[in-house]
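Shown here: upload01.cif, mmCIF, C-alpha atoms (C1' of nucleotides).
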```cif
data_final
#
loop_
_atom_site.label_atom_id
_atom_site.label_comp_id
_atom_site.auth_asym_id
_atom_site.auth_seq_id
_atom_site.Cartn_x
_atom_site.Cartn_y
_atom_site.Cartn_z
CA MET T 21 203.08 97.36 -85.83
CA THR T 22 205.49 99.73 -87.55
CA PRO T 23 204.24 102.65 -85.48
CA ASP T 24 206.20 105.32 -87.26
CA CYS T 25 204.49 104.77 -90.59
CA PRO T 26 202.16 107.65 -91.40
CA GLY T 27 198.62 106.93 -90.24
CA GLY T 28 199.47 103.95 -88.06
CA LYS T 29 199.91 100.94 -90.30
CA CYS T 30 202.41 101.11 -93.11
CA PRO T 31 200.55 101.56 -96.41
CA VAL T 32 202.90 99.13 -98.11
CA GLU T 33 201.88 96.53 -95.54
CA THR T 34 198.22 97.32 -96.16
CA THR T 35 198.61 96.76 -99.87
CA LEU T 36 200.57 93.58 -99.31
CA THR T 37 197.83 92.30 -97.02
CA VAL T 38 195.24 92.83 -99.72
CA MET T 39 197.39 91.36 -102.49
CA SER T 40 198.97 88.52 -100.59
CA GLY T 41 197.84 85.00 -101.02
CA LYS T 42 199.45 82.62 -103.40
CA TRP T 43 197.20 83.48 -106.35
CA LYS T 44 195.71 86.91 -105.74
CA GLY T 45 198.27 88.73 -107.83
CA ILE T 46 197.63 86.46 -110.77
CA ILE T 47 193.88 86.72 -110.37
CA LEU T 48 194.14 90.50 -110.36
CA TYR T 49 196.41 90.45 -113.38
CA ARG T 50 193.98 88.25 -115.25
CA LEU T 51 191.04 90.49 -114.41
CA LEU T 52 192.81 93.58 -115.72
CA ASP T 53 191.62 92.79 -119.24
CA GLY T 54 188.02 92.25 -118.28
CA LYS T 55 185.55 90.17 -116.30
CA LYS T 56 185.88 86.41 -116.13
CA ARG T 57 183.66 83.51 -115.17
CA PHE T 58 184.61 81.13 -112.38
CA HIS T 59 185.71 78.28 -114.61
CA GLU T 60 187.44 80.67 -116.96
CA LEU T 61 189.74 81.66 -114.12
CA LYS T 62 190.23 78.04 -113.20
CA GLU T 63 191.24 77.22 -116.77
CA ILE T 64 193.75 80.04 -116.83
CA MET T 65 195.25 78.82 -113.55
CA PRO T 66 195.00 75.03 -113.65
CA ALA T 67 197.18 74.52 -110.57
CA ILE T 68 194.80 76.28 -108.21
CA SER T 69 192.15 74.24 -106.42
CA PHE T 70 188.46 75.12 -106.59
CA ARG T 71 188.45 75.72 -102.88
CA THR T 72 191.38 78.11 -102.90
CA LEU T 73 190.14 79.96 -105.96
CA THR T 74 186.82 80.49 -104.22
CA LEU T 75 188.47 81.64 -101.01
CA GLN T 76 190.82 84.10 -102.67
CA LEU T 77 188.01 85.55 -104.76
CA ARG T 78 185.88 85.92 -101.64
CA GLN T 79 188.67 87.71 -99.83
CA LEU T 80 189.23 90.06 -102.73
CA GLU T 81 185.49 90.68 -102.73
CA ALA T 82 185.48 91.35 -98.98
CA ASP T 83 188.32 93.82 -99.49
CA GLY T 84 186.32 95.65 -102.15
CA ILE T 85 188.68 94.76 -104.98
CA VAL T 86 186.53 92.32 -106.90
CA GLU T 87 182.84 92.31 -107.70
CA ARG T 88 180.87 89.08 -107.92
CA THR T 89 177.79 88.95 -110.10
CA VAL T 90 175.44 85.98 -110.05
CA TYR T 91 173.12 85.51 -112.99
CA PRO T 92 169.99 83.58 -112.00
CA GLU T 93 170.16 81.14 -114.86
CA VAL T 94 170.32 77.38 -115.27
CA PRO T 95 173.11 76.38 -115.39
CA PRO T 96 174.34 79.13 -113.09
CA ARG T 97 176.70 81.81 -114.33
CA VAL T 98 178.93 83.88 -112.08
CA GLU T 99 181.20 86.63 -113.26
CA TYR T 100 184.06 88.29 -111.46
CA ASP T 101 185.14 91.80 -112.28
CA LEU T 102 187.36 94.45 -110.77
CA THR T 103 185.58 97.17 -108.83
CA GLU T 104 186.48 100.81 -109.37
CA LEU T 105 188.80 100.45 -106.39
CA GLY T 106 190.22 97.28 -107.88
CA LYS T 107 190.96 99.05 -111.14
CA THR T 108 193.15 101.53 -109.29
CA MET T 109 195.53 98.66 -108.65
CA ARG T 110 196.49 98.57 -112.30
CA PRO T 111 199.71 100.58 -111.84
CA ILE T 112 200.85 98.17 -109.14
CA ILE T 113 200.11 95.06 -111.15
CA GLU T 114 201.69 96.47 -114.27
CA SER T 115 204.86 97.58 -112.53
CA MET T 116 205.07 94.14 -110.93
CA PHE T 117 204.60 92.57 -114.35
CA GLU T 118 207.35 94.67 -115.91
CA TRP T 119 209.73 94.03 -113.04
CA GLY T 120 209.03 90.30 -113.14
CA ILE T 121 209.98 90.15 -116.79
CA GLN T 122 213.28 91.93 -116.21
CA TYR T 123 213.96 89.75 -113.20
CA GLN T 124 213.36 86.57 -115.17
CA ILE T 125 215.82 87.77 -117.79
CA GLN T 126 218.49 88.59 -115.23
CA ARG T 127 218.11 85.49 -113.08
CA LYS T 128 217.21 82.50 -115.15
CA ASP T 129 218.41 80.30 -112.28
CA THR T 130 215.76 81.13 -109.69
CA HIS T 131 212.00 81.62 -109.82
CA ALA T 132 212.16 80.97 -113.55
CA MET R 24 201.71 76.82 -113.53
CA THR R 25 199.86 79.45 -115.54
CA PRO R 26 201.26 78.09 -118.80
CA ASP R 27 199.90 80.82 -121.02
CA CYS R 28 201.87 83.58 -119.34
CA PRO R 29 204.70 84.81 -121.55
CA GLY R 30 207.93 82.99 -120.79
CA GLY R 31 206.41 80.22 -118.72
CA LYS R 32 205.78 81.59 -115.25
CA CYS R 33 203.66 84.68 -114.87
CA PRO R 34 205.92 87.67 -114.16
CA VAL R 35 203.43 88.97 -111.60
CA GLU R 36 203.79 85.67 -109.76
CA THR R 37 207.57 85.95 -109.94
CA THR R 38 207.51 89.39 -108.40
CA LEU R 39 205.07 88.28 -105.75
CA THR R 40 207.33 85.35 -104.88
CA VAL R 41 210.24 87.69 -104.33
CA MET R 42 208.20 90.25 -102.37
CA SER R 43 206.02 87.91 -100.38
CA GLY R 44 206.67 87.19 -96.78
CA LYS R 45 205.04 89.07 -94.01
CA TRP R 46 207.69 91.77 -93.76
CA LYS R 47 209.58 91.90 -97.03
CA GLY R 48 207.55 94.75 -98.43
CA ILE R 49 208.19 96.84 -95.37
CA ILE R 50 211.86 95.97 -95.32
CA LEU R 51 212.15 97.03 -98.95
CA TYR R 52 210.23 100.23 -98.27
CA ARG R 53 212.52 101.04 -95.38
CA LEU R 54 215.64 100.42 -97.43
CA LEU R 55 214.50 102.78 -100.18
CA ASP R 56 215.95 105.73 -98.29
CA GLY R 57 219.30 104.14 -97.66
CA LYS R 58 221.20 101.32 -96.00
CA LYS R 59 220.36 100.18 -92.52
CA ARG R 60 222.00 98.15 -89.80
CA PHE R 61 220.41 94.99 -88.43
CA HIS R 62 219.18 96.50 -85.19
CA GLU R 63 218.10 99.64 -86.98
CA LEU R 64 215.67 97.57 -88.99
CA LYS R 65 214.55 95.77 -85.86
CA GLU R 66 213.85 99.10 -84.14
CA ILE R 67 211.79 100.31 -87.08
CA MET R 68 209.78 97.08 -87.03
CA PRO R 69 209.50 96.12 -83.37
CA ALA R 70 206.93 93.40 -84.01
CA ILE R 71 209.23 91.26 -86.11
CA SER R 72 211.31 88.60 -84.41
CA PHE R 73 215.07 88.43 -84.82
CA ARG R 74 214.76 85.06 -86.45
CA THR R 75 212.26 86.19 -89.03
CA LEU R 76 214.10 89.42 -89.77
CA THR R 77 217.23 87.40 -90.42
CA LEU R 78 215.41 84.90 -92.61
CA GLN R 79 213.65 87.49 -94.71
CA LEU R 80 216.85 89.46 -95.19
CA ARG R 81 218.65 86.27 -96.23
CA GLN R 82 215.96 85.45 -98.74
CA LEU R 83 216.08 88.93 -100.21
CA GLU R 84 219.84 88.54 -100.39
CA ALA R 85 219.54 85.16 -102.12
CA ASP R 86 217.16 86.73 -104.62
CA GLY R 87 219.67 89.46 -105.38
CA ILE R 88 217.54 92.28 -103.97
CA VAL R 89 219.52 93.12 -100.87
CA GLU R 90 223.23 93.32 -100.24
CA ARG R 91 224.73 92.36 -96.90
CA THR R 92 227.98 93.96 -95.83
CA VAL R 93 229.87 92.73 -92.78
CA TYR R 94 232.41 95.06 -91.23
CA PRO R 95 235.12 93.12 -89.36
CA GLU R 96 234.89 95.18 -86.22
CA VAL R 97 234.25 94.54 -82.55
CA PRO R 98 231.39 94.82 -81.84
CA PRO R 99 230.30 93.57 -85.26
CA ARG R 100 228.50 95.84 -87.69
CA VAL R 101 226.35 94.60 -90.54
CA GLU R 102 224.66 96.82 -93.07
CA TYR R 103 221.88 95.99 -95.46
CA ASP R 104 221.40 97.89 -98.67
CA LEU R 105 219.43 97.49 -101.86
CA THR R 106 221.35 96.14 -104.81
CA GLU R 107 221.03 97.78 -108.22
CA LEU R 108 218.38 95.19 -108.98
CA GLY R 109 216.68 95.94 -105.68
CA LYS R 110 216.58 99.63 -106.50
CA THR R 111 214.59 98.86 -109.63
CA MET R 112 211.75 97.81 -107.33
CA ARG R 113 211.19 101.40 -106.30
CA PRO R 114 208.26 101.98 -108.69
CA ILE R 115 206.50 98.92 -107.31
CA ILE R 116 207.00 99.89 -103.68
CA GLU R 117 205.99 103.47 -104.30
CA SER R 118 202.83 102.56 -106.20
CA MET R 119 201.96 100.15 -103.40
CA PHE R 120 202.56 102.89 -100.87
CA GLU R 121 200.33 105.33 -102.72
CA TRP R 122 197.59 102.77 -103.19
CA GLY R 123 197.75 101.74 -99.54
CA ILE R 124 197.18 105.32 -98.46
CA GLN R 125 194.13 105.71 -100.67
CA TYR R 126 192.84 102.35 -99.54
CA GLN R 127 193.16 103.28 -95.88
CA ILE R 128 191.19 106.44 -96.52
CA GLN R 129 188.42 104.62 -98.35
CA ARG R 130 188.11 101.69 -95.96
CA LYS R 131 188.76 102.72 -92.43
CA ASP R 132 186.97 99.57 -91.30
CA THR R 133 189.42 96.95 -92.52
CA HIS R 134 193.20 96.68 -92.59
CA ALA R 135 193.36 100.08 -90.95
"C1'" DC P 11 225.99 93.55 -82.05
"C1'" DA P 12 224.31 90.28 -84.98
"C1'" DG P 13 223.13 86.43 -85.36
"C1'" DA P 14 222.36 80.69 -84.93
"C1'" DA P 15 219.75 76.78 -82.94
"C1'" DT P 16 215.79 74.72 -81.26
"C1'" DC P 17 210.98 73.98 -80.53
"C1'" DC P 18 206.25 74.92 -81.51
"C1'" DC P 19 201.91 76.57 -83.52
"C1'" DC P 20 198.46 77.64 -86.73
"C1'" DA P 21 196.78 79.97 -91.04
"C1'" DG P 22 196.84 79.08 -95.67
"C1'" DT P 23 196.59 75.70 -99.04
"C1'" DG P 24 195.48 71.24 -101.17
"C1'" DA P 25 192.64 66.79 -102.09
"C1'" DT P 26 188.49 64.76 -102.23
"C1'" DA P 27 183.63 64.18 -102.20
"C1'" DC P 28 179.15 66.14 -102.30
"C1'" DT P 29 175.16 69.73 -103.78
"C1'" DG P 30 171.62 73.46 -105.54
"C1'" DC K 18 178.19 75.47 -113.55
"C1'" DA K 19 179.70 77.06 -109.43
"C1'" DG K 20 180.30 76.19 -105.73
"C1'" DT K 21 180.35 73.95 -100.20
"C1'" DA K 22 182.03 70.64 -96.60
"C1'" DT K 23 185.47 68.03 -94.48
"C1'" DC K 24 189.96 66.42 -93.55
"C1'" DA K 25 194.87 66.72 -93.62
"C1'" DC K 26 199.36 68.76 -94.19
"C1'" DT K 27 203.13 71.97 -94.80
"C1'" DG K 28 206.01 75.69 -93.93
"C1'" DG K 29 206.11 80.47 -92.60
"C1'" DG K 30 206.44 82.75 -88.64
"C1'" DG K 31 206.99 83.37 -83.39
"C1'" DA K 32 209.32 82.63 -78.61
"C1'" DT K 33 213.20 81.47 -76.36
"C1'" DT K 34 217.90 80.39 -75.51
"C1'" DC K 35 222.74 80.33 -76.76
"C1'" DT K 36 227.26 82.21 -79.18
"C1'" DG K 37 231.46 84.52 -81.78
#
```

Once more with this new file: its structure as structure tokens, please.
Amino acid sequence: MTPDCPGGKCPVETTLTVMSGKWKGIILYRLLDGKKRFHELKEIMPAISFRTLTLQLRQLEADGIVERTVYPEVPPRVEYDLTELGKTMRPIIESMFEWGIQYQIQRKDTHA
Amino acid sequence: MTPDCPGGKCPVETTLTVMSGKWKGIILYRLLDGKKRFHELKEIMPAISFRTLTLQLRQLEADGIVERTVYPEVPPRVEYDLTELGKTMRPIIESMFEWGIQYQIQRKDTHA
DNA sequence: CAGAATCCCCAGTGATACTG
DNA sequence: CAGTATCACTGGGGATTCTG
């Protein structure tokens, strides 16, 4: 694909692959201010299903963006946090956040 | 959705909605350095189908990101350019580009 | 040249029920 | 609490053919 991008695959496409998924951007945004438990994330994003939340977290984990820590307690406790690599996405998320705000102001008709 | 994001819908989600689609990020990246004709874009991204290229361009146009100019000539000529609003996405695209490069270096195994 | 129209497929997502 | 398992569906994307 896109053979004339430096290094083979277009870096923008690479980033989009990692970030894409209906909820990944929001998950990343929510993790910017610190680690969260599974149900904490679910409460922040009520519209997501357990299954999808699990899957998207697992994909982010597989991509090295998110770290999953299981505490061997009863009841179980699992925390999700950004890895060092994940934290380097902050500029992307923040610029997307800023742009989204301006966009919502300019176009109240769509995606509001 | 995500009711506790400022202004209703999470701005990150808004941006992701506009940018999502398998090729939109690449299209935007390619338009950063100036307007392009339809087949020019197709040549840059050989793997995309005509149908999908058309659809993604139309969606970007509907979202006010891309401007479509038809020149009444024979054979027809159509140029696509970023709107002023579209140009404000530059920081996002560029930070995604930079991150993608670093990511490719760190993880040659996946998404390479 | 720049598409429109048609048909098709499957990956991503959702709903529900169950479990260590 | 934090999942897993199963089923089902939608729509985003692809292949092909046709047109002003």

Could you state which residues are captured by the PyMOL selection byres ((chain R and resi 58) around 8) in this file, as a ChimeraX atom specification?
-> /R:54,56-57,59-60,102-105

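Here CA of Gln129 (chain R) and CA of Lys45 (chain R) stand 23.2 Å from one another.
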
For the interface of chain R with chain P (cut-off 10 Å, counting only C-alpha atoms (C1' of nucleotides)), please tabulate each contacting residue of chain R alongside its nearest pair of atoms and their separation in Å to one decimal, rows sorted by chain and increasing number, as CSV.
```
residue,atom,partner,partner_atom,distance
R:Arg60,CA,P:DA12,C1',9.5
R:Phe61,CA,P:DA12,C1',7.0
R:His62,CA,P:DC11,C1',8.1
R:Phe73,CA,P:DG13,C1',8.3
R:Arg74,CA,P:DG13,C1',8.6
R:Thr77,CA,P:DG13,C1',7.8
R:Val93,CA,P:DA12,C1',9.9
R:Glu96,CA,P:DC11,C1',10.0
R:Val97,CA,P:DC11,C1',8.3
R:Pro98,CA,P:DC11,C1',5.6
R:Pro99,CA,P:DC11,C1',5.4
R:Arg100,CA,P:DC11,C1',6.6
R:Val101,CA,P:DA12,C1',7.3
```

For the file shown, report as a count of residues only the outcome of the PyMOL selection byres ((chain T) within 6 of (chain R)) at residue level.
-> 14

Separation of CA of Gln82 (chain R) from C1' of DG29 (chain K), in Å and rounded to one decimal =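 Pair CA of Gln82 (chain R) / C1' of DG29 (chain K) returns 12.6 Å.
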
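Once the PyMOL selection byres ((chain K) within 9 of (chain T)) is applied to the depicted file, the selected set reads DC18, DA19, DG20 and DT21 of chain K.
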